[in-house]
Every structure is written in structure tokens, then in C-alpha cells.
Amino acid sequence: MGHRRWWLWLAPAAIVLSGCGGPGETPSAGPSKSAAARQVLSEFLDAVRRGDDEAATALLSPRARQKLTPPASDTARFELGNVEEISPDEVRVDCTWSDLDPYGKRQTDESQWHLRRLAEGWRVTGMSFRVFPDAPPIRWDFEDPEDMVRKQQWVEAERRRRGLESPLQARDGENSGDGVRR
């Protein structure tokens with residue numbers, strides 16, 4: 001299956017629907033909180049990877065539940081990292097996602113996923129990732145499609161300003177191995 005940047009589905013979906021401290025300073029979110037949030041994120045990302053829209057949507061927060069359709073990829077892999085407590089009911093989870101590019105070479109992206117504890121358990125509310133190597137990570141708040149549209153417009157304008165043909169040019173090879181910087 002061809003390589004698709006898994007995060008590229010977010011902004012276009014938001015447009016249609018709207019008409020990860022410094023190194024070594026990650027506070028502990030507690031063993032049970034970390035394990036529960038990581039488990040929900042693992043289930044969500046696995047559902048995205050498999051193309052199980054129903055399972056993925058069920059793990060979004062109620063405000064974020066919209067008919068987003070992330071592309072499935074049987075060649076994609078993910079690994080979860082540190083859990084950082086933002087508040088008693090909010091965490092960020094580091095994630096490494098990799099997939100094959102059109103030439104069969106594995107490409108890796110680093111991101112942070114945002115989860116909030118609700119009555120039904122931990123739910124995914126958004127994600128952050130670095131689009132341009134010299135710009136801070138962008139937070140896609142799944143509960144605020146209008147903000148996602150504004151950020152997508154900024155990415156497109158910045159891409160044109162930099163003379164890049166596509167956002168992939170900004171990221172290819174730039175996000176492998178150096179993680180999401182905060």
C-alpha cells in the first residue's frame with residue numbers, strides 16, 4: 001500500500017466538516033492513569049491503521065466525534081512513548097508512527113496525542129506534530145474544527161511562501177528521530 005502521511009487527513013476533514021516541558025521533564029501521570037490513557041490511544045491508532053472508522057470514532061471525545069475518515073494502511077506501525085499529565089483529567093502521549101513511502105522506504109513521524117478523561121473513560125481530543133522543521137508543533141484540536149481550518153490555511157500559506165509543492169516536502173526526512181519539541 002502506498003505511503004500516506006496519516007496526519008494529512010485531519011485538516012481536510014475539518015474543512016469539509018466545518019461548512020507531545022523540555023527533555024527529561026515529563027511529569028508522571030500515575031501508573032493507572034498512564035496505562036489507561038495509553039491503552040485507549042493504542043486502540044484508537046490501531047483502529048485508524050486498520051481503517052475501522054467505527055472503532056476509531058468511538059474513542060474520540062463526544063465533541064470530536066465527527067465522520068473523519070483516516071486512511072487505512074496495513075503497512076503502518078506505531079509505538080507509544082511517555083505520558084505527560086497536563087491536568088488531572090488531561091494527558092499527552094508521545095507517539096511514533098511509521099509507514100512506507102511510494103518507493104517502499106519506511107518514513108517515521110513523531111507526534112503527541114491529547115486525551116481527556118470523561119465519564120466513559122479516556123478519549124482522544126487532538127494531536128500535535130511538527131509540519132515545518134523550524135516551526136513549533138501544530139496542535140490539531142479535534143473539538144474545534146474552525147481552529148483546525150485556520151491552522152490548515154496557515155500551513156498552506158507557509159508552504160507557498162517557502163516554495164514547497166506539498167506539505168510532505170516540508171516533513172520528508174525532517175521529523176525522523178528528533179521527536180516533537182515543545
# chains A, B, ... in the order shown; residues from 1 in each chain; ligands from 1
$ residues_around --residues "Leu41 in chain A" --least-positions-apart "3" --cutoff "10 Å" --atoms "only C-alpha atoms" --output "JSON, numbers by chain"
{"A": [35, 36, 37, 38, 44, 45, 46, 47, 56, 59, 60, 80, 93, 95, 113, 114, 115, 122, 123, 124]}
$ select_by_dssp --residues "range 89-166 of chain A" --states "alpha helix (DSSP H)" --output "ChimeraX atom specification"
/A:145-161
$ closest_residue --among "A:Asp144, A:Ser98, A:Val91, A:Glu85" --to "Arg49 in chain A" --atoms "only C-alpha atoms"
A:Ser98
